[in-house]
>>> print(open('data_35.txt').read())   # compact mmCIF, C-alpha atoms and all ligand atoms
# COMPACT_ATOMS: atom_id res chain seq x y z
CA MET A 1 75.28 17.53 126.05
CA HIS A 2 75.34 13.75 126.39
CA ASN A 3 77.84 13.18 123.59
CA ALA A 4 80.11 15.88 125.07
CA ALA A 5 79.83 14.14 128.44
CA PHE A 6 80.60 10.71 126.95
CA ALA A 7 83.75 12.13 125.33
CA ALA A 8 84.82 13.78 128.60
CA LEU A 9 84.27 10.51 130.50
CA GLY A 10 86.09 8.45 127.84
CA LEU A 11 82.96 6.36 127.18
CA ASN A 12 82.59 4.76 123.76
CA TRP A 13 78.86 5.57 123.73
CA ARG A 14 76.67 7.64 121.40
CA TYR A 15 73.46 9.54 122.12
CA LEU A 16 71.12 9.60 119.12
CA ALA A 17 67.64 11.04 118.52
CA PHE A 18 64.88 8.88 117.04
CA GLU A 19 61.38 9.98 116.14
CA VAL A 20 58.97 7.24 117.24
CA PRO A 21 55.19 7.40 116.65
CA PRO A 22 53.36 6.87 119.97
CA ASP A 23 51.73 3.63 118.75
CA GLN A 24 55.20 2.20 118.04
CA LEU A 25 56.69 3.03 121.43
CA LYS A 26 56.39 -0.52 122.76
CA SER A 27 58.29 -2.04 119.82
CA ALA A 28 60.86 0.77 119.92
CA LEU A 29 61.58 0.10 123.62
CA LEU A 30 61.85 -3.65 123.03
CA GLY A 31 64.05 -3.06 119.99
CA ALA A 32 66.39 -0.81 121.96
CA GLN A 33 66.58 -3.43 124.72
CA GLN A 34 67.26 -6.24 122.22
CA MET A 35 69.97 -4.20 120.53
CA GLY A 36 71.81 -3.71 123.80
CA PHE A 37 71.11 -0.01 124.37
CA ILE A 38 72.32 1.20 127.76
CA GLY A 39 69.29 3.42 128.15
CA LEU A 40 67.25 6.19 126.58
CA ASN A 41 65.30 9.35 127.25
CA LEU A 42 61.69 9.96 126.32
CA THR A 43 59.86 13.20 125.68
CA VAL A 44 56.24 14.27 125.17
CA PRO A 45 53.97 12.30 124.56
CA HIS A 46 55.99 9.21 125.45
CA LYS A 47 56.60 10.03 129.12
CA LEU A 48 53.12 8.89 130.19
CA LEU A 49 52.80 6.10 127.61
CA ALA A 50 56.03 4.42 128.80
CA VAL A 51 54.82 3.87 132.38
CA PRO A 52 53.12 0.49 131.71
CA LEU A 53 55.75 -0.49 129.13
CA VAL A 54 58.80 -0.70 131.40
CA GLU A 55 59.31 -3.74 133.64
CA GLU A 56 60.32 -1.79 136.77
CA LEU A 57 59.49 1.74 137.98
CA ASP A 58 61.84 3.74 140.17
CA ASP A 59 60.13 5.79 142.95
CA SER A 60 60.83 9.00 141.00
CA ALA A 61 58.67 7.76 138.08
CA ARG A 62 56.02 6.25 140.35
CA LEU A 63 55.41 9.56 142.15
CA LEU A 64 55.04 11.57 138.94
CA GLY A 65 53.37 8.85 136.86
CA ALA A 66 55.76 9.65 134.02
CA VAL A 67 59.05 8.20 132.70
CA ASN A 68 61.68 10.36 131.00
CA THR A 69 64.67 8.02 131.47
CA VAL A 70 64.94 4.28 130.85
CA GLN A 71 67.85 2.10 131.92
CA PHE A 72 68.39 -1.42 130.57
CA LEU A 73 69.98 -3.56 133.30
CA THR A 74 71.00 -7.18 133.49
CA ASN A 75 69.45 -8.91 136.51
CA ALA A 76 70.95 -11.70 138.66
CA ALA A 77 69.53 -14.31 136.27
CA GLY A 78 71.34 -12.66 133.35
CA LYS A 79 68.10 -11.31 131.84
CA SER A 80 67.80 -7.74 130.53
CA VAL A 81 65.27 -5.63 132.49
CA SER A 82 63.96 -2.13 131.65
CA ARG A 83 63.63 0.33 134.55
CA GLY A 84 61.85 3.70 134.24
CA TYR A 85 62.92 6.84 136.11
CA ASN A 86 61.82 10.46 136.13
CA THR A 87 64.69 12.93 136.41
CA ASP A 88 62.62 16.06 135.56
CA GLY A 89 61.26 16.67 139.05
CA ASP A 90 64.59 16.58 140.89
CA ALA A 91 66.10 18.67 138.11
CA LEU A 92 63.55 21.43 138.69
CA LEU A 93 64.21 21.44 142.45
CA ARG A 94 67.97 21.57 141.86
CA ALA A 95 67.63 24.41 139.33
CA VAL A 96 65.45 26.46 141.67
CA ARG A 97 67.83 25.92 144.58
CA GLU A 98 71.09 26.43 142.67
CA ASP A 99 70.12 29.00 140.04
CA LEU A 100 67.84 31.12 142.25
CA GLN A 101 69.06 30.28 145.80
CA VAL A 102 65.47 29.69 146.90
CA GLU A 103 65.05 27.52 150.01
CA LEU A 104 62.00 25.36 149.32
CA GLN A 105 61.37 24.05 152.83
CA ASN A 106 58.36 26.04 154.14
CA ALA A 107 58.35 28.26 151.03
CA ARG A 108 55.30 29.82 149.37
CA VAL A 109 55.13 29.20 145.61
CA LEU A 110 52.81 30.36 142.81
CA VAL A 111 52.70 27.80 139.96
CA LEU A 112 51.38 28.93 136.56
CA GLY A 113 50.03 26.05 134.44
CA ALA A 114 48.47 22.64 135.05
CA GLY A 115 49.91 20.50 132.23
CA GLY A 116 52.45 17.69 132.51
CA ALA A 117 55.35 19.91 133.59
CA ALA A 118 53.24 21.80 136.15
CA ARG A 119 51.97 18.51 137.61
CA ALA A 120 55.54 17.26 138.08
CA ALA A 121 56.53 20.60 139.62
CA VAL A 122 53.59 20.73 142.04
CA LEU A 123 54.13 17.18 143.32
CA LYS A 124 57.89 17.60 143.68
CA LEU A 125 57.57 21.01 145.37
CA ALA A 126 55.07 19.54 147.84
CA ALA A 127 57.38 16.56 148.43
CA ALA A 128 60.23 19.02 149.07
CA GLY A 129 58.32 20.60 151.97
CA VAL A 130 56.85 23.72 150.36
CA ALA A 131 54.30 25.10 152.83
CA GLU A 132 51.90 26.83 150.43
CA LEU A 133 51.21 26.27 146.76
CA ALA A 134 48.90 28.53 144.74
CA LEU A 135 47.87 27.18 141.32
CA VAL A 136 46.70 29.29 138.37
CA ASN A 137 45.81 27.90 134.95
CA ARG A 138 43.87 29.08 131.90
CA THR A 139 41.61 26.02 132.21
CA GLY A 140 40.56 26.34 135.83
CA ASP A 141 39.25 22.75 136.13
CA LYS A 142 42.71 21.37 135.48
CA ALA A 143 44.18 23.49 138.30
CA THR A 144 41.39 22.32 140.63
CA LYS A 145 42.08 18.66 139.79
CA LEU A 146 45.82 19.10 140.26
CA ALA A 147 45.25 20.82 143.61
CA GLN A 148 43.06 17.91 144.76
CA GLU A 149 45.72 15.41 143.72
CA ALA A 150 48.49 17.35 145.50
CA ARG A 151 46.41 17.60 148.70
CA ARG A 152 45.72 13.84 148.63
CA PHE A 153 49.43 12.96 148.35
CA PHE A 154 50.76 15.80 150.54
CA PRO A 155 48.17 16.82 153.16
CA ALA A 156 50.76 18.96 155.00
CA THR A 157 50.99 21.37 152.06
CA ASN A 158 48.37 24.11 151.83
CA VAL A 159 47.27 24.01 148.17
CA SER A 160 44.92 26.69 146.82
CA VAL A 161 43.65 27.66 143.38
CA GLY A 162 43.96 31.31 142.31
CA TYR A 163 46.42 34.14 142.93
CA PRO A 164 47.79 34.35 146.49
CA ARG A 165 47.23 37.50 148.54
CA GLY A 166 50.54 37.85 150.39
CA SER A 167 54.16 37.42 149.35
CA VAL A 168 55.63 34.36 147.67
CA ASP A 169 59.21 33.07 147.50
CA LEU A 170 58.87 31.89 143.91
CA VAL A 171 56.68 32.25 140.81
CA LEU A 172 57.11 29.32 138.44
CA ASN A 173 56.00 29.48 134.81
CA ALA A 174 55.09 25.95 133.71
CA THR A 175 52.84 27.08 130.85
CA ALA A 176 53.81 27.17 127.19
CA LEU A 177 53.27 30.95 127.15
CA GLY A 178 56.51 32.66 126.17
CA LEU A 179 57.64 30.15 123.55
CA GLN A 180 56.33 32.51 120.83
CA PRO A 181 57.35 36.19 120.74
CA ALA A 182 53.72 37.38 120.47
CA ASP A 183 52.56 35.37 123.53
CA ALA A 184 50.80 37.13 126.39
CA LEU A 185 52.32 37.02 129.88
CA PRO A 186 51.41 33.78 131.70
CA LEU A 187 50.22 35.76 134.74
CA ASP A 188 47.72 38.57 135.28
CA LEU A 189 49.62 41.52 136.75
CA THR A 190 46.36 43.18 137.80
CA ALA A 191 45.70 40.18 140.10
CA PHE A 192 49.30 39.59 141.24
CA SER A 193 52.15 42.10 141.52
CA TRP A 194 55.86 41.34 141.18
CA ALA A 195 56.26 43.30 144.42
CA GLN A 196 54.77 40.17 146.08
CA ALA A 197 57.54 37.88 144.70
CA ARG A 198 61.24 37.28 145.44
CA ALA A 199 62.15 35.07 142.48
CA ALA A 200 60.80 33.85 139.13
CA TYR A 201 61.62 30.62 137.28
CA ASP A 202 60.56 30.02 133.68
CA MET A 203 60.70 26.41 132.48
CA ILE A 204 61.11 27.83 128.97
CA TYR A 205 64.77 28.12 127.91
CA ARG A 206 64.34 29.26 124.30
CA PRO A 207 64.05 32.26 124.17
CA ALA A 208 66.60 32.64 126.97
CA GLU A 209 64.65 35.58 128.45
CA THR A 210 60.89 35.52 128.05
CA ALA A 211 58.68 38.56 128.66
CA PHE A 212 57.75 36.84 131.97
CA LEU A 213 61.41 36.86 133.09
CA GLN A 214 61.98 40.38 131.74
CA SER A 215 59.07 41.79 133.72
CA ALA A 216 60.14 39.94 136.89
CA LYS A 217 63.73 41.15 136.53
CA ALA A 218 62.62 44.75 135.90
CA ALA A 219 60.69 44.58 139.19
CA GLY A 220 63.81 43.43 141.08
CA CYS A 221 63.13 39.67 141.31
CA ARG A 222 65.87 37.06 140.88
CA THR A 223 65.24 35.15 137.65
CA ALA A 224 66.35 31.96 135.89
CA ASN A 225 65.27 30.18 132.72
CA GLY A 226 64.65 26.45 132.17
CA LEU A 227 68.13 25.64 130.89
CA GLY A 228 69.24 24.47 134.32
CA MET A 229 66.28 22.08 134.56
CA LEU A 230 67.09 20.66 131.13
CA LEU A 231 70.76 20.31 132.08
CA TYR A 232 70.14 18.68 135.45
CA GLN A 233 67.61 16.13 134.13
CA GLY A 234 70.19 15.12 131.52
CA ALA A 235 73.01 14.98 134.06
CA ARG A 236 70.97 12.75 136.36
CA ALA A 237 70.05 10.43 133.47
CA LEU A 238 73.73 10.13 132.59
CA GLU A 239 74.54 9.28 136.21
CA ILE A 240 71.91 6.52 136.18
CA TRP A 241 73.38 4.99 133.01
CA ALA A 242 77.09 5.50 133.73
CA GLN A 243 77.03 5.18 137.55
CA THR A 244 79.52 8.04 137.80
CA ALA A 245 79.30 11.80 138.43
CA ALA A 246 78.21 13.80 135.37
CA PRO A 247 80.74 16.35 133.99
CA LEU A 248 78.28 19.18 134.55
CA GLU A 249 80.25 22.10 133.10
CA VAL A 250 81.07 20.13 129.92
CA MET A 251 77.37 19.37 129.54
CA ARG A 252 76.33 22.98 130.28
CA THR A 253 78.75 24.35 127.65
CA ALA A 254 77.51 21.88 125.02
CA LEU A 255 73.89 22.61 125.84
CA GLU A 256 74.31 26.39 125.69
CA ALA A 257 76.17 26.08 122.36
CA SER A 258 73.40 23.92 120.94
CA ILE A 259 70.48 25.98 122.21
CA HIS A 260 71.74 29.54 122.18
CA GLY A 261 74.59 29.18 119.71
CA ARG A 262 77.23 30.38 122.16
N1 LIG B 301 63.15 23.16 131.04
C1 LIG B 301 62.74 21.93 130.89
O1 LIG B 301 63.50 20.96 131.03
C2 LIG B 301 61.27 21.67 130.60
C3 LIG B 301 60.72 20.40 130.83
C4 LIG B 301 59.36 20.21 130.56
C5 LIG B 301 58.58 21.25 130.08
N2 LIG B 301 59.16 22.47 129.84
C6 LIG B 301 58.33 23.59 129.34
O2 LIG B 301 57.19 23.73 130.18
C7 LIG B 301 56.08 24.20 129.42
C8 LIG B 301 54.86 23.31 129.65
O3 LIG B 301 55.12 22.00 129.17
P1 LIG B 301 54.07 20.79 129.41
O4 LIG B 301 54.77 19.55 129.02
O5 LIG B 301 53.46 20.90 130.77
O6 LIG B 301 52.93 21.14 128.34
P2 LIG B 301 51.38 20.82 128.44
O7 LIG B 301 51.12 19.59 129.23
O8 LIG B 301 50.87 20.91 127.04
O9 LIG B 301 50.76 22.07 129.28
C9 LIG B 301 50.73 23.35 128.71
C10 LIG B 301 50.32 24.37 129.77
O10 LIG B 301 50.40 25.68 129.17
C11 LIG B 301 49.10 26.30 129.22
N3 LIG B 301 48.89 27.06 127.99
C12 LIG B 301 49.20 26.67 126.72
N4 LIG B 301 48.83 27.63 125.85
C13 LIG B 301 48.27 28.64 126.58
C14 LIG B 301 47.68 29.90 126.25
N5 LIG B 301 47.61 30.33 124.98
N6 LIG B 301 47.23 30.68 127.26
C15 LIG B 301 47.29 30.24 128.55
N7 LIG B 301 47.82 29.06 128.92
C16 LIG B 301 48.30 28.27 127.94
C17 LIG B 301 48.13 25.14 129.32
O11 LIG B 301 46.90 25.62 129.84
P3 LIG B 301 45.54 24.80 129.61
O12 LIG B 301 45.53 23.70 130.62
O13 LIG B 301 44.48 25.81 129.81
O14 LIG B 301 45.59 24.27 128.19
C18 LIG B 301 48.89 24.20 130.27
O15 LIG B 301 48.80 24.66 131.58
C19 LIG B 301 56.54 24.25 127.97
O16 LIG B 301 56.91 25.56 127.67
C20 LIG B 301 57.75 23.34 127.93
O17 LIG B 301 58.66 23.74 126.93
C21 LIG B 301 60.48 22.70 130.10
>>> encode(input="data_35.txt", output="structure tokens", more="lines below")
Ligand SMILES: NC(=O)c1ccc[n+]([C@@H]2O[C@H](COP(=O)([O-])OP(=O)(O)OC[C@H]3O[C@@H](n4cnc5c(N)ncnc54)[C@H](OP(=O)(O)O)[C@@H]3O)[C@@H](O)[C@H]2O)c1
Amino acid sequence: MHNAAFAALGLNWRYLAFEVPPDQLKSALLGAQQMGFIGLNLTVPHKLLAVPLVEELDDSARLLGAVNTVQFLTNAAGKSVSRGYNTDGDALLRAVREDLQVELQNARVLVLGAGGAARAAVLKLAAAGVAELALVNRTGDKATKLAQEARRFFPATNVSVGYPRGSVDLVLNATALGLQPADALPLDLTAFSWAQARAAYDMIYRPAETAFLQSAKAAGCRTANGLGMLLYQGARALEIWAQTAAPLEVMRTALEASIHGR
């Protein structure tokens, strides 16, 4: 999606993938900076490891304690500086708002999972003014810890652990369940019914429709997969590097062709 965007913007840039062992991340970042890279993206497990390795942290990365985008800038003294951002959180909010038309201010949300993606989601949803967050995770302790952290940062949000009793505006799957065809559903439909939910978002984008989304859709909920989140985090990273609006539809077409072969 980035190379398609560079072509559309007439930029003589290339986006390349490199596999870097975690213990080599520091030298890889310095090497990229020395070689005049404009920036780069990082994925698991580098998002957390990069936090102390960049010279400056944008607020987006400070809130989530994770960096997925690095920009190499030249400061007033002519020195190259690395700045870390996190574009995942805003991308999720944008995808939920645009793909599902869910208004997050004062919303009630059930979040499934308590890993890195769930943590980013919970903190960003609370920052966006969600009124109630219910957290459910296989390993209960991790949900409890995440709830404590969210309450500390965002005391105005009511954060509970376990399935909510009443209705919710959104159920968000931030677990890895659904990546494999034989996976169980990420939620217990004897403890929570789709009749309680208006919309369902799955961070998974391959397969395009998980059993979680199929069951939500069959019950009449609006549904969207994680492709929008992936697209919007990439579009925002491009905007940081290029300082111009991302050609979103060009990027979406390239992404869909790459991921779903269409
Ligand atoms: N669309 C996007 O742009 C985007 C971005 C980031 C992530 N994602 C997706 O989000 C998902 C989570 O990613 P992550 O980075 O948060 O991973 P992670 O830190 O490894 O967390 C994995 C989560 O899935 C749960 N889980 C894994 N296997 C399970 C099982 N067999 N039964 C029940 N729960 C299980 C884990 O529960 P425990 O705590 O009990 O282990 C944990 O809550 C992945 O599917 C990833 O592809 C999508």
>>> closest_atom_pairs(input="data_35.txt", of="segment 215-251 of chain A", to="segment 97-105 of chain A", cutoff="7 Å", atoms="all atoms listed in the file", output="JSON lines")
{"residue": "A:Arg222", "atom": "CA", "partner": "A:Leu100", "partner_atom": "CA", "distance": 6.4}
{"residue": "A:Thr223", "atom": "CA", "partner": "A:Leu100", "partner_atom": "CA", "distance": 6.6}
{"residue": "A:Ala224", "atom": "CA", "partner": "A:Asp99", "partner_atom": "CA", "distance": 6.3}
>>> residues_around(input="data_35.txt", residues="segment 205-219 of chain A", least_positions_apart="2", cutoff="7 Å", atoms="all atoms listed in the file", output="list of chain:residue names")
A:Gly178, A:Leu179, A:Leu185, A:Trp194, A:Ala195, A:Ala200, A:Asp202, A:Met203, A:Cys221, A:Arg222, A:Thr223, A:Asn225, A:Gly226, A:Leu227
>>> closest_residue(input="data_35.txt", among="A:Ala254, A:Pro21, A:Glu149, A:His260", to="Ala7 of chain A", atoms="all atoms listed in the file")
A:Ala254
>>> residues_around(input="data_35.txt", residues="Val51 of chain A", least_positions_apart="6", cutoff="9 Å", atoms="only C-alpha atoms", output="PyMOL selection string")
chain A and resi 57+61-62+65-67+84
>>> residues_near_ligand(input="data_35.txt", ligand="ligand LIG 301 (chain B)", cutoff="10 Å", atoms="all atoms listed in the file", output="VMD selection string")
chain A and resid 43 to 45 47 87 to 89 91 to 92 95 111 to 121 136 to 143 172 to 180 183 to 187 201 to 206 225 to 234
>>> axis_aligned_box(input="data_35.txt", around="segment 135-146 of chain A", padding_each_side="3 Å", output="JSON")
{"center_x": 43.6, "center_y": 24.0, "center_z": 136.6, "size_x": 14.6, "size_y": 16.6, "size_z": 15.4}
>>> residues_around(input="data_35.txt", residues="Leu110 of chain A", least_positions_apart="5", cutoff="6 Å", atoms="only C-alpha atoms", output="JSON, numbers by chain")
{"A": [133, 134, 171]}
>>> closest_residue(input="data_35.txt", among="A:Gly166, A:Gly36, A:Pro155, A:Gly220", to="Phe72 of chain A", atoms="all atoms listed in the file")
A:Gly36
>>> closest_residue(input="data_35.txt", among="A:Leu11, A:Ala191, A:Leu29, A:Ala156", to="Asn106 of chain A", atoms="all atoms listed in the file")
A:Ala156
>>> atom_distance(input="data_35.txt", atom1="atom CA of Gln33 of chain A", atom2="atom CA of Leu63 of chain A")
24.4 Å
>>> atom_distance(input="data_35.txt", atom1="atom CA of Val109 of chain A", atom2="atom CA of Leu170 of chain A")
4.9 Å
>>> closest_residue(input="data_35.txt", among="A:Leu135, A:Leu146, A:Val122, A:Leu93", to="Gly162 of chain A", atoms="only C-alpha atoms")
A:Leu135
>>> atom_distance(input="data_35.txt", atom1="atom CA of Asp169 of chain A", atom2="atom CA of Ser193 of chain A")
12.9 Å
>>> residues_near_point(input="data_35.txt", point="(70.1, -6.6, 131.4)", cutoff="12 Å", atoms="all atoms listed in the file", output="list in words")
Ala32, Gln33, Gln34, Met35, Gly36, Phe37, Ile38, Gly39, Glu55, Gln71, Phe72, Leu73, Thr74, Asn75, Ala76, Ala77, Gly78, Lys79, Ser80, Val81, Ser82 and Arg83 of chain A
>>> closest_residue(input="data_35.txt", among="A:Ser160, A:Ser60, A:Leu49, A:Asp188", to="Tyr85 of chain A", atoms="all atoms listed in the file")
A:Ser60
>>> closest_residue(input="data_35.txt", among="A:Ala50, A:Met251, A:Ala126, A:Ala246", to="Asn3 of chain A", atoms="all atoms listed in the file")
A:Met251
>>> residues_around(input="data_35.txt", residues="Gly10 of chain A", least_positions_apart="5", cutoff="12 Å", atoms="all atoms listed in the file", output="PyMOL selection string")
chain A and resi 3-5+242+244+247
>>> decode(input="data_35.txt", residues="segment 154-221 of chain A", atoms="C-alpha atoms", output="compact mmCIF listing (two decimals), in the first residue's frame")
# COMPACT_ATOMS: atom_id res chain seq x y z
CA PHE A 154 -8.83 7.45 32.72
CA PRO A 155 -10.77 7.61 36.00
CA ALA A 156 -13.89 8.90 34.19
CA THR A 157 -14.29 5.59 32.33
CA ASN A 158 -16.07 2.77 34.15
CA VAL A 159 -13.83 -0.26 33.53
CA SER A 160 -14.98 -3.73 34.62
CA VAL A 161 -13.71 -7.27 34.09
CA GLY A 162 -16.18 -9.88 32.80
CA TYR A 163 -19.17 -9.90 30.46
CA PRO A 164 -21.48 -6.88 30.78
CA ARG A 165 -25.14 -7.39 31.69
CA GLY A 166 -26.88 -4.80 29.52
CA SER A 167 -26.44 -3.70 25.93
CA VAL A 168 -23.18 -2.56 24.35
CA ASP A 169 -22.50 -0.40 21.29
CA LEU A 170 -19.50 -2.45 20.20
CA VAL A 171 -17.80 -5.82 20.73
CA LEU A 172 -14.14 -5.71 19.75
CA ASN A 173 -12.13 -8.86 19.12
CA ALA A 174 -8.49 -8.12 19.98
CA THR A 175 -7.55 -11.77 20.55
CA ALA A 176 -5.73 -13.99 18.08
CA LEU A 177 -8.75 -16.32 17.97
CA GLY A 178 -10.05 -16.51 14.41
CA LEU A 179 -6.68 -16.50 12.64
CA GLN A 180 -6.96 -20.30 12.25
CA PRO A 181 -10.08 -21.93 10.75
CA ALA A 182 -10.42 -24.37 13.67
CA ASP A 183 -10.30 -21.62 16.34
CA ALA A 184 -13.10 -21.34 18.89
CA LEU A 185 -15.13 -18.12 19.08
CA PRO A 186 -13.35 -15.46 21.17
CA LEU A 187 -16.49 -14.91 23.27
CA ASP A 188 -18.78 -17.17 25.29
CA LEU A 189 -22.27 -16.90 23.81
CA THR A 190 -23.78 -18.51 26.91
CA ALA A 191 -22.49 -15.53 28.95
CA PHE A 192 -23.11 -12.80 26.36
CA SER A 193 -25.71 -12.71 23.57
CA TRP A 194 -25.39 -10.88 20.24
CA ALA A 195 -28.84 -9.48 21.01
CA GLN A 196 -26.98 -7.25 23.53
CA ALA A 197 -24.69 -5.75 20.82
CA ARG A 198 -25.10 -3.25 17.95
CA ALA A 199 -21.77 -3.75 16.19
CA ALA A 200 -18.74 -6.06 16.10
CA TYR A 201 -15.17 -5.24 15.05
CA ASP A 202 -12.55 -7.94 14.50
CA MET A 203 -8.93 -6.76 14.40
CA ILE A 204 -8.22 -9.84 12.28
CA TYR A 205 -8.36 -9.13 8.53
CA ARG A 206 -7.26 -12.51 7.16
CA PRO A 207 -9.62 -14.37 6.90
CA ALA A 208 -11.81 -11.46 5.82
CA GLU A 209 -14.79 -12.87 7.75
CA THR A 210 -14.02 -14.80 10.91
CA ALA A 211 -16.57 -17.01 12.69
CA PHE A 212 -16.86 -14.13 15.22
CA LEU A 213 -17.97 -11.72 12.46
CA GLN A 214 -20.20 -14.35 10.83
CA SER A 215 -22.07 -15.01 14.07
CA ALA A 216 -22.43 -11.27 14.79
CA LYS A 217 -23.71 -10.59 11.26
CA ALA A 218 -26.18 -13.49 11.43
CA ALA A 219 -27.60 -11.93 14.60
CA GLY A 220 -28.10 -8.57 12.84
CA CYS A 221 -25.05 -6.65 14.11
